[in-house]
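Undergrad: Once you've had a glance at the structure underneath, I'll fire off some questions.
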Amino acid sequence: MKLLIALFFVLGSFSSFSKIHEVKLLNKGTDGQKMVFEPMVLFIKKGDSVKFIPTDKSHNVMSMTKKGGVPTGSKKWKGKTSKVHIQKFDEEGIHGIKCRPHLAMGMVGAVVVGNAKNYDAFKKVRLIGKAKKRFKDILKTVKTGKAGK
């Protein structure tokens, strides 16, 4: 009986392990938009990781460096151009992401970890070019809590 109880707890704890989600870095998304993260907004749990996959060359992914772009206490990070990057997210809140070479072309997104506790600071981030318009779509998606592309 003790063995069954121990086995139950061991197997039950596997469900609490973190997951690895995927985000593609694309020249053209499934909806026809150019220079996108797909999905554009990803909702995950604290402790999960995201595998960023540059399916087209010359993309990178990095945390937003502007004030409010990531939750307070988060460390900035940067993946290498044209390389897969895996990032673990331990800080709850909205983590803005961007592709540095294609920022002005609108290549921005967000990873929402648990509660979007930093929404008020995040919505004040100022971006350039097409990223400014796409950022409005990101804010709507985060506010509704429904994943979008």
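If you're wondering about the labels, chains in the structure tokens are A, B, ... by order shown, residues count from 1 in each chain, ligands from 1 in order shown.
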Residues within 10 Å of A:Lys34, please, as number ranges by chain. Count only C-alpha atoms; anything in the same chain fewer than 6 positions from it doesn't count.
TA: A: 26-28, 102, 105-107
Undergrad: Write the residues of the preceding selection, restricted to N, CA and C atoms, as a short mmCIF file (atom, residue, chain, number, x, y, z; two decimals), in the first residue's frame.
TA:
data_model
loop_
_atom_site.label_atom_id
_atom_site.label_comp_id
_atom_site.auth_asym_id
_atom_site.auth_seq_id
_atom_site.Cartn_x
_atom_site.Cartn_y
_atom_site.Cartn_z
N LEU A 26 9.00 34.33 -38.11
CA LEU A 26 8.66 34.15 -39.52
C LEU A 26 8.78 35.43 -40.34
N ASN A 27 9.14 35.26 -41.60
CA ASN A 27 9.07 36.38 -42.55
C ASN A 27 7.62 36.68 -42.91
N LYS A 28 6.80 35.61 -42.93
CA LYS A 28 5.38 35.76 -43.26
C LYS A 28 4.57 34.76 -42.44
N HIS A 102 14.19 43.50 -37.14
CA HIS A 102 12.89 43.75 -37.78
C HIS A 102 11.89 44.47 -36.87
N MET A 105 9.70 46.96 -38.57
CA MET A 105 8.77 46.29 -39.47
C MET A 105 7.64 45.61 -38.68
N GLY A 106 7.66 45.78 -37.36
CA GLY A 106 6.55 45.29 -36.55
C GLY A 106 6.78 43.97 -35.85
N MET A 107 8.00 43.47 -35.82
CA MET A 107 8.24 42.15 -35.23
C MET A 107 8.40 42.25 -33.72
#
Undergrad: If you run DSSP on this backbone, which residues of stretch 65-140 of chain A come out as strand (DSSP E or B), and could you give them as a VMD selection string?
TA: chain A and resid 78 85 to 88 93 to 98 108 to 113
Undergrad: Please produce a file of those selected residues containing N, CA and C atoms, as a JSON list (two decimals), in the first residue's frame.
TA:
[["chain", "number", "residue", "atom", "x", "y", "z"],
["A", 78, "LYS", "N", 18.95, 37.87, -24.62],
["A", 78, "LYS", "CA", 19.04, 38.03, -26.07],
["A", 78, "LYS", "C", 19.51, 36.72, -26.72],
["A", 85, "HIS", "N", 16.56, 29.64, -29.76],
["A", 85, "HIS", "CA", 16.86, 30.14, -28.41],
["A", 85, "HIS", "C", 15.77, 29.61, -27.46],
["A", 86, "ILE", "N", 16.20, 29.04, -26.35],
["A", 86, "ILE", "CA", 15.25, 28.58, -25.33],
["A", 86, "ILE", "C", 15.40, 29.49, -24.12],
["A", 87, "GLN", "N", 14.28, 30.06, -23.69],
["A", 87, "GLN", "CA", 14.27, 30.99, -22.56],
["A", 87, "GLN", "C", 13.29, 30.50, -21.51],
["A", 88, "LYS", "N", 13.77, 30.39, -20.27],
["A", 88, "LYS", "CA", 12.90, 30.02, -19.15],
["A", 88, "LYS", "C", 12.35, 31.29, -18.53],
["A", 93, "GLY", "N", 4.23, 37.92, -15.08],
["A", 93, "GLY", "CA", 3.91, 39.18, -15.73],
["A", 93, "GLY", "C", 4.06, 39.09, -17.25],
["A", 94, "ILE", "N", 3.97, 40.25, -17.90],
["A", 94, "ILE", "CA", 4.08, 40.34, -19.36],
["A", 94, "ILE", "C", 5.53, 40.60, -19.72],
["A", 95, "HIS", "N", 6.07, 39.74, -20.56],
["A", 95, "HIS", "CA", 7.44, 39.88, -21.05],
["A", 95, "HIS", "C", 7.38, 40.26, -22.52],
["A", 96, "GLY", "N", 7.69, 41.49, -22.84],
["A", 96, "GLY", "CA", 7.71, 41.91, -24.24],
["A", 96, "GLY", "C", 8.91, 41.32, -24.94],
["A", 97, "ILE", "N", 8.72, 40.90, -26.19],
["A", 97, "ILE", "CA", 9.81, 40.36, -27.00],
["A", 97, "ILE", "C", 9.88, 41.10, -28.32],
["A", 98, "LYS", "N", 11.07, 41.10, -28.90],
["A", 98, "LYS", "CA", 11.26, 41.76, -30.19],
["A", 98, "LYS", "C", 12.35, 41.06, -30.98],
["A", 108, "VAL", "N", 7.23, 42.26, -33.05],
["A", 108, "VAL", "CA", 7.16, 42.29, -31.60],
["A", 108, "VAL", "C", 6.13, 41.27, -31.14],
["A", 109, "GLY", "N", 6.21, 40.90, -29.88],
["A", 109, "GLY", "CA", 5.26, 39.95, -29.31],
["A", 109, "GLY", "C", 5.34, 40.00, -27.80],
["A", 110, "ALA", "N", 4.67, 39.06, -27.16],
["A", 110, "ALA", "CA", 4.68, 39.01, -25.70],
["A", 110, "ALA", "C", 4.50, 37.59, -25.21],
["A", 111, "VAL", "N", 5.16, 37.32, -24.10],
["A", 111, "VAL", "CA", 4.97, 36.08, -23.36],
["A", 111, "VAL", "C", 4.37, 36.49, -22.03],
["A", 112, "VAL", "N", 3.16, 36.00, -21.76],
["A", 112, "VAL", "CA", 2.47, 36.33, -20.52],
["A", 112, "VAL", "C", 2.63, 35.15, -19.57],
["A", 113, "VAL", "N", 3.31, 35.42, -18.47],
["A", 113, "VAL", "CA", 3.59, 34.37, -17.49],
["A", 113, "VAL", "C", 2.63, 34.54, -16.32]]
Undergrad: What does the structure give for the distance between atom CA of A:Lys140 and atom CA of A:Thr81, in Å to one decimal?
TA: 28.8 Å
Undergrad: Would you work out the distance separating atom CA of A:Ile138 from atom CA of A:Trp77, expressed in Å to one decimal?
TA: 20.3 Å
Undergrad: Going by DSSP on the backbone, which bits of chain A are alpha helix (DSSP H)? Write them as a ChimeraX atom specification, please.
TA: /A:2-14,119-122,129-144
Undergrad: For the residues in that selection, give me C-alpha atoms as a PDB file, in the first residue's frame.
TA:
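Now in selection_33.pdb:
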ATOM      1  CA  LYS A   2       2.821   2.421   0.885  1.00  0.00           C
ATOM      2  CA  LEU A   3       4.407   1.695  -2.488  1.00  0.00           C
ATOM      3  CA  LEU A   4       1.169   2.597  -4.299  1.00  0.00           C
ATOM      4  CA  ILE A   5       0.868   5.854  -2.360  1.00  0.00           C
ATOM      5  CA  ALA A   6       4.501   6.754  -3.113  1.00  0.00           C
ATOM      6  CA  LEU A   7       4.003   5.901  -6.788  1.00  0.00           C
ATOM      7  CA  PHE A   8       0.870   8.071  -6.897  1.00  0.00           C
ATOM      8  CA  PHE A   9       2.795  11.079  -5.528  1.00  0.00           C
ATOM      9  CA  VAL A  10       5.731  10.547  -7.896  1.00  0.00           C
ATOM     10  CA  LEU A  11       3.496  10.234 -10.960  1.00  0.00           C
ATOM     11  CA  GLY A  12       1.298  13.101  -9.808  1.00  0.00           C
ATOM     12  CA  SER A  13       4.314  15.377  -9.485  1.00  0.00           C
ATOM     13  CA  PHE A  14       5.181  14.876 -13.171  1.00  0.00           C
ATOM     14  CA  TYR A 119      -0.084  45.533 -17.622  1.00  0.00           C
ATOM     15  CA  ASP A 120      -0.226  49.238 -16.674  1.00  0.00           C
ATOM     16  CA  ALA A 121       3.549  49.656 -17.093  1.00  0.00           C
ATOM     17  CA  PHE A 122       3.630  47.473 -20.215  1.00  0.00           C
ATOM     18  CA  GLY A 129       7.111  51.965 -37.129  1.00  0.00           C
ATOM     19  CA  LYS A 130       4.731  49.063 -37.642  1.00  0.00           C
ATOM     20  CA  ALA A 131       5.601  47.747 -34.187  1.00  0.00           C
ATOM     21  CA  LYS A 132       3.475  50.562 -32.752  1.00  0.00           C
ATOM     22  CA  LYS A 133       0.328  49.228 -34.497  1.00  0.00           C
ATOM     23  CA  ARG A 134       1.060  45.589 -33.722  1.00  0.00           C
ATOM     24  CA  PHE A 135       1.650  46.511 -30.070  1.00  0.00           C
ATOM     25  CA  LYS A 136      -1.988  47.633 -29.852  1.00  0.00           C
ATOM     26  CA  ASP A 137      -3.054  44.141 -30.979  1.00  0.00           C
ATOM     27  CA  ILE A 138      -0.783  42.610 -28.350  1.00  0.00           C
ATOM     28  CA  LEU A 139      -2.376  44.747 -25.631  1.00  0.00           C
ATOM     29  CA  LYS A 140      -5.889  43.693 -26.726  1.00  0.00           C
ATOM     30  CA  THR A 141      -4.894  40.021 -26.687  1.00  0.00           C
ATOM     31  CA  VAL A 142      -3.288  40.297 -23.255  1.00  0.00           C
ATOM     32  CA  LYS A 143      -6.321  42.130 -21.873  1.00  0.00           C
ATOM     33  CA  THR A 144      -8.787  39.510 -23.148  1.00  0.00           C
TER      34      THR A 144
END
Undergrad: If I take atom CA of A:Lys19 and atom CA of A:Asp56, how far is one from the other in Å, to one decimal?
TA: 24.5 Å
Undergrad: Report as a PyMOL selection string all protein, DNA and RNA residues lying within 6 Å of A:Glu22, evaluated on only C-alpha atoms, omitting residues in the same chain fewer than 5 positions from it.
TA: chain A and resi 50-52
Undergrad: Dump N, CA and C atoms for the selected residues as a PDB file, in the first residue's frame?
TA:
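Result file again-v7.pdb:
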ATOM      1  N   VAL A  50      10.214  28.787 -23.277  1.00  0.00           N
ATOM      2  CA  VAL A  50       9.771  28.989 -24.651  1.00  0.00           C
ATOM      3  C   VAL A  50      10.951  28.742 -25.578  1.00  0.00           C
ATOM      4  N   LYS A  51      10.697  27.928 -26.582  1.00  0.00           N
ATOM      5  CA  LYS A  51      11.696  27.654 -27.622  1.00  0.00           C
ATOM      6  C   LYS A  51      11.352  28.543 -28.811  1.00  0.00           C
ATOM      7  N   PHE A  52      12.213  29.514 -29.075  1.00  0.00           N
ATOM      8  CA  PHE A  52      12.020  30.441 -30.190  1.00  0.00           C
ATOM      9  C   PHE A  52      12.752  29.876 -31.399  1.00  0.00           C
TER      10      PHE A  52
END
Undergrad: So that I can see what lies close to A:Glu38, please list as number ranges by chain the residues with an atom at most 7 Å from it, counting only C-alpha atoms and leaving out residues fewer than 2 positions away in the same chain.
TA: A: 23-25, 29, 36, 40, 149
Undergrad: Using the selection just defined, write its residues with C-alpha atoms as a PDB file, in the first residue's frame.
TA:
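Result went into out-v7.pdb, see below:
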ATOM      1  CA  VAL A  23       7.156  30.370 -30.958  1.00  0.00           C
ATOM      2  CA  LYS A  24       8.175  30.674 -34.598  1.00  0.00           C
ATOM      3  CA  LEU A  25      10.023  33.690 -36.003  1.00  0.00           C
ATOM      4  CA  GLY A  29       2.763  34.446 -40.839  1.00  0.00           C
ATOM      5  CA  VAL A  36       5.922  38.075 -37.082  1.00  0.00           C
ATOM      6  CA  MET A  40       2.266  36.837 -31.305  1.00  0.00           C
ATOM      7  CA  LYS A 149      -1.331  35.247 -33.659  1.00  0.00           C
TER       8      LYS A 149
END
Undergrad: Find the residue from A:Gly73, A:Gly32, A:Pro54, A:Gly145 that sits nearest to A:Asp90; use only C-alpha atoms when measuring.
TA: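 Counting only C-alpha atoms, the residue closest to A:Asp90 is A:Gly73.
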Undergrad: Between A:Gly79, A:Arg126, A:Pro71, A:His21, single out the one closest to A:Ala104, counting only C-alpha atoms.
TA: A:Arg126
